[in-house]
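First comes the structure, then the notes that go with it.
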Amino acid sequence: MVLRCQVEVLYFAKSAEIAGVRSETISVPQEIKALQLWNEIEARHPGLADVRNQVIFAVRQEYVELGDQLLQLQSGDEIAIIPPISGG
């Protein structure tokens with residue numbers, strides 16, 4: 001049996017525009033690879049595929065690469081989707 005937990009996903013700038021929300025709580029497996037977690041989020045908001053290679057992905061305020069890194073999540077953890085910041 002896969003244990004699941006409730007995590008809060010925070011969307012910033014372009015990712016918030018695409019998702020249509022600034023935050024939401026989703027249920028995910030407690031043990032999940034970073035890329036699988038992204039895929040779960042993208043399944044809820046398919047438009048995020050357009051920014052997949054441009055976003056900064058953070059789990060518990062630490063940057064995470066979208067790859068095979070195994071994450072140990074707990075209920076209440078924050079996941080942040082941060083697009084690149086452009087300035088002038």
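By convention in this document, the chains of the structure tokens carry letters A, B, ... by their order, each chain's residues are numbered from 1, and ligands are numbered from 1 in the order they are shown.
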
Quick one: residues within 9 Å of region 46-54 of chain A, only C-alpha atoms, excluding same-chain residues fewer than 5 positions away - as a compact mmCIF listing (two decimals) with all heavy atoms, in the first residue's frame?
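Final file, part.txt:
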# COMPACT_ATOMS: atom_id res chain seq x y z
N LYS A 14 4.10 33.24 -13.80
CA LYS A 14 3.52 32.56 -14.96
C LYS A 14 2.88 31.23 -14.58
O LYS A 14 1.83 30.87 -15.11
CB LYS A 14 4.62 32.35 -16.01
CG LYS A 14 4.17 31.64 -17.25
CD LYS A 14 3.68 32.60 -18.27
CE LYS A 14 3.41 31.86 -19.59
NZ LYS A 14 2.50 32.58 -20.43
N SER A 15 3.48 30.50 -13.65
CA SER A 15 2.89 29.21 -13.26
C SER A 15 1.53 29.41 -12.59
O SER A 15 0.62 28.61 -12.77
CB SER A 15 3.83 28.41 -12.36
OG SER A 15 4.03 29.04 -11.11
N ILE A 18 -0.99 30.07 -15.37
CA ILE A 18 -1.33 28.83 -16.08
C ILE A 18 -2.25 27.97 -15.22
O ILE A 18 -3.26 27.44 -15.70
CB ILE A 18 -0.06 28.05 -16.45
CG1 ILE A 18 0.73 28.83 -17.51
CG2 ILE A 18 -0.40 26.66 -16.95
CD1 ILE A 18 2.13 28.29 -17.77
N ALA A 19 -1.92 27.81 -13.94
CA ALA A 19 -2.70 26.94 -13.05
C ALA A 19 -4.05 27.56 -12.68
O ALA A 19 -5.00 26.86 -12.36
CB ALA A 19 -1.90 26.64 -11.78
N TRP A 38 6.45 16.30 -10.17
CA TRP A 38 6.14 17.29 -11.21
C TRP A 38 5.03 16.76 -12.12
O TRP A 38 4.09 17.47 -12.45
CB TRP A 38 7.37 17.66 -12.03
CG TRP A 38 6.99 18.52 -13.19
CD1 TRP A 38 6.75 18.11 -14.48
CD2 TRP A 38 6.73 19.93 -13.17
NE1 TRP A 38 6.37 19.19 -15.25
CE2 TRP A 38 6.35 20.30 -14.47
CE3 TRP A 38 6.78 20.89 -12.17
CZ2 TRP A 38 6.02 21.62 -14.81
CZ3 TRP A 38 6.47 22.21 -12.51
CH2 TRP A 38 6.10 22.55 -13.81
N ILE A 41 1.66 17.12 -10.64
CA ILE A 41 1.20 18.52 -10.67
C ILE A 41 0.80 18.90 -12.10
O ILE A 41 -0.24 19.51 -12.32
CB ILE A 41 2.31 19.45 -10.13
CG1 ILE A 41 2.53 19.16 -8.63
CG2 ILE A 41 1.96 20.91 -10.36
CD1 ILE A 41 3.79 19.78 -8.06
N LEU A 66 14.42 18.34 -11.42
CA LEU A 66 13.36 17.45 -11.88
C LEU A 66 14.01 16.19 -12.45
O LEU A 66 14.30 16.11 -13.63
CB LEU A 66 12.49 18.13 -12.94
CG LEU A 66 11.65 19.30 -12.44
CD1 LEU A 66 10.86 19.90 -13.58
CD2 LEU A 66 10.73 18.85 -11.34
N ILE A 82 8.40 27.97 -9.35
CA ILE A 82 8.86 29.35 -9.54
C ILE A 82 9.43 29.51 -10.94
O ILE A 82 10.47 28.93 -11.25
CB ILE A 82 9.94 29.71 -8.50
CG1 ILE A 82 9.45 29.36 -7.08
CG2 ILE A 82 10.35 31.16 -8.62
CD1 ILE A 82 10.53 29.33 -6.04
N PRO A 83 8.77 30.30 -11.79
CA PRO A 83 9.32 30.54 -13.13
C PRO A 83 10.55 31.45 -13.03
O PRO A 83 10.76 32.10 -12.00
CB PRO A 83 8.20 31.26 -13.86
CG PRO A 83 7.00 31.16 -13.01
CD PRO A 83 7.47 30.88 -11.61
N PRO A 84 11.33 31.51 -14.09
CA PRO A 84 12.49 32.39 -14.05
C PRO A 84 12.06 33.84 -13.86
O PRO A 84 11.01 34.25 -14.35
CB PRO A 84 13.16 32.18 -15.42
CG PRO A 84 12.16 31.50 -16.26
CD PRO A 84 11.17 30.84 -15.36

Could you tell me which of A:Val28, A:Val7, A:Leu70, A:Ile85 comes closest to Ile56 (chain A) if we count only C-alpha atoms?
A:Ile85

Residues within 7 Å of region 74-79 of chain A, please, as a ChimeraX atom specification. Count only C-alpha atoms; anything in the same chain fewer than 5 positions from it doesn't count.
/A:5-10,30,58-60

Test item: residues at most 9 Å from Leu71 (chain A), only C-alpha atoms, excluding those fewer than 2 positions along its chain, as an MDAnalysis selection string
chainID A and resid 30:34 37 59 69 73

Using DSSP on the backbone coordinates, identify the residues of chain A assigned to strand (DSSP E or B); present them as a CSV table (one decimal) with N, CA and C atoms, in the first residue's frame.
chain,number,residue,atom,x,y,z
A,4,ARG,N,0.1,8.1,1.4
A,4,ARG,CA,-0.1,9.4,0.8
A,4,ARG,C,-0.1,10.5,1.8
A,5,CYS,N,0.2,11.7,1.4
A,5,CYS,CA,0.2,12.8,2.3
A,5,CYS,C,-0.4,14.0,1.5
A,6,GLN,N,-0.8,15.0,2.2
A,6,GLN,CA,-1.3,16.3,1.7
A,6,GLN,C,-0.2,17.3,1.7
A,7,VAL,N,0.2,17.8,0.5
A,7,VAL,CA,1.2,18.9,0.4
A,7,VAL,C,0.6,20.1,-0.2
A,8,GLU,N,1.1,21.2,0.1
A,8,GLU,CA,0.6,22.5,-0.5
A,8,GLU,C,1.6,22.9,-1.7
A,9,VAL,N,1.0,23.1,-2.8
A,9,VAL,CA,1.7,23.5,-4.0
A,9,VAL,C,1.5,25.0,-4.2
A,10,LEU,N,2.6,25.8,-4.2
A,10,LEU,CA,2.5,27.2,-4.4
A,10,LEU,C,3.0,27.6,-5.8
A,11,TYR,N,2.2,28.4,-6.5
A,11,TYR,CA,2.5,28.8,-7.8
A,11,TYR,C,2.8,30.2,-7.9
A,23,SER,N,-2.2,28.7,-4.9
A,23,SER,CA,-1.8,27.6,-4.1
A,23,SER,C,-3.0,26.6,-4.1
A,24,GLU,N,-2.6,25.3,-3.8
A,24,GLU,CA,-3.6,24.3,-3.7
A,24,GLU,C,-3.0,23.1,-2.9
A,25,THR,N,-3.9,22.4,-2.3
A,25,THR,CA,-3.4,21.2,-1.5
A,25,THR,C,-3.7,20.0,-2.4
A,26,ILE,N,-2.7,19.1,-2.5
A,26,ILE,CA,-2.9,17.9,-3.3
A,26,ILE,C,-2.4,16.7,-2.5
A,27,SER,N,-2.9,15.5,-2.9
A,27,SER,CA,-2.5,14.3,-2.2
A,27,SER,C,-1.5,13.6,-3.2
A,28,VAL,N,-0.4,13.2,-2.6
A,28,VAL,CA,0.7,12.6,-3.4
A,28,VAL,C,1.3,11.5,-2.5
A,29,PRO,N,2.0,10.5,-3.1
A,29,PRO,CA,2.7,9.5,-2.3
A,29,PRO,C,3.8,10.1,-1.4
A,31,GLU,N,6.6,8.9,-0.6
A,31,GLU,CA,7.9,8.6,-1.3
A,31,GLU,C,7.6,8.8,-2.8
A,32,ILE,N,8.3,9.8,-3.4
A,32,ILE,CA,8.0,10.0,-4.8
A,32,ILE,C,9.3,10.7,-5.4
A,33,LYS,N,9.6,10.3,-6.6
A,33,LYS,CA,10.7,11.0,-7.3
A,33,LYS,C,10.3,12.4,-7.7
A,56,ILE,N,11.9,26.8,-11.6
A,56,ILE,CA,12.7,26.3,-10.4
A,56,ILE,C,11.6,25.6,-9.5
A,57,PHE,N,12.0,24.4,-9.1
A,57,PHE,CA,11.1,23.5,-8.4
A,57,PHE,C,11.7,23.5,-7.0
A,58,ALA,N,11.0,23.8,-6.0
A,58,ALA,CA,11.5,23.8,-4.6
A,58,ALA,C,10.6,22.9,-3.7
A,59,VAL,N,11.2,22.1,-2.8
A,59,VAL,CA,10.5,21.3,-1.9
A,59,VAL,C,11.0,21.7,-0.5
A,62,GLU,N,13.8,24.2,-0.5
A,62,GLU,CA,15.1,23.8,-1.1
A,62,GLU,C,14.9,23.4,-2.5
A,63,TYR,N,15.8,23.9,-3.4
A,63,TYR,CA,15.7,23.7,-4.8
A,63,TYR,C,15.9,22.2,-5.1
A,64,VAL,N,15.1,21.7,-6.0
A,64,VAL,CA,15.2,20.3,-6.4
A,64,VAL,C,15.2,20.2,-7.9
A,70,LEU,N,14.8,10.9,-5.0
A,70,LEU,CA,13.7,10.4,-4.2
A,70,LEU,C,13.4,11.4,-3.1
A,71,LEU,N,12.1,11.8,-3.0
A,71,LEU,CA,11.7,12.8,-2.0
A,71,LEU,C,10.9,12.0,-0.9
A,72,GLN,N,11.1,12.4,0.3
A,72,GLN,CA,10.4,11.9,1.4
A,72,GLN,C,9.5,13.0,1.9
A,78,GLU,N,5.6,22.1,1.7
A,78,GLU,CA,5.4,23.1,0.6
A,78,GLU,C,6.2,22.8,-0.6
A,79,ILE,N,5.5,22.8,-1.7
A,79,ILE,CA,6.2,22.6,-3.0
A,79,ILE,C,6.0,23.9,-3.8
A,80,ALA,N,7.1,24.5,-4.3
A,80,ALA,CA,6.9,25.8,-5.0
A,80,ALA,C,7.3,25.6,-6.4
A,81,ILE,N,6.5,26.2,-7.3
A,81,ILE,CA,6.8,26.3,-8.7
A,81,ILE,C,7.1,27.7,-9.1
A,82,ILE,N,8.4,28.0,-9.3
A,82,ILE,CA,8.9,29.3,-9.5
A,82,ILE,C,9.4,29.5,-10.9

CA of Val21 (chain A) and CA of Asp68 (chain A), how far apart in Å?
27.2 Å

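Computed from the coordinates, the CA of Arg22 (chain A) to CA of Gly67 (chain A) distance equals 24.3 Å.
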
Residues of chain A classed as alpha helix (DSSP H) by DSSP on the backbone are to be reported as a PyMOL selection string.
chain A and resi 13-19+34-44
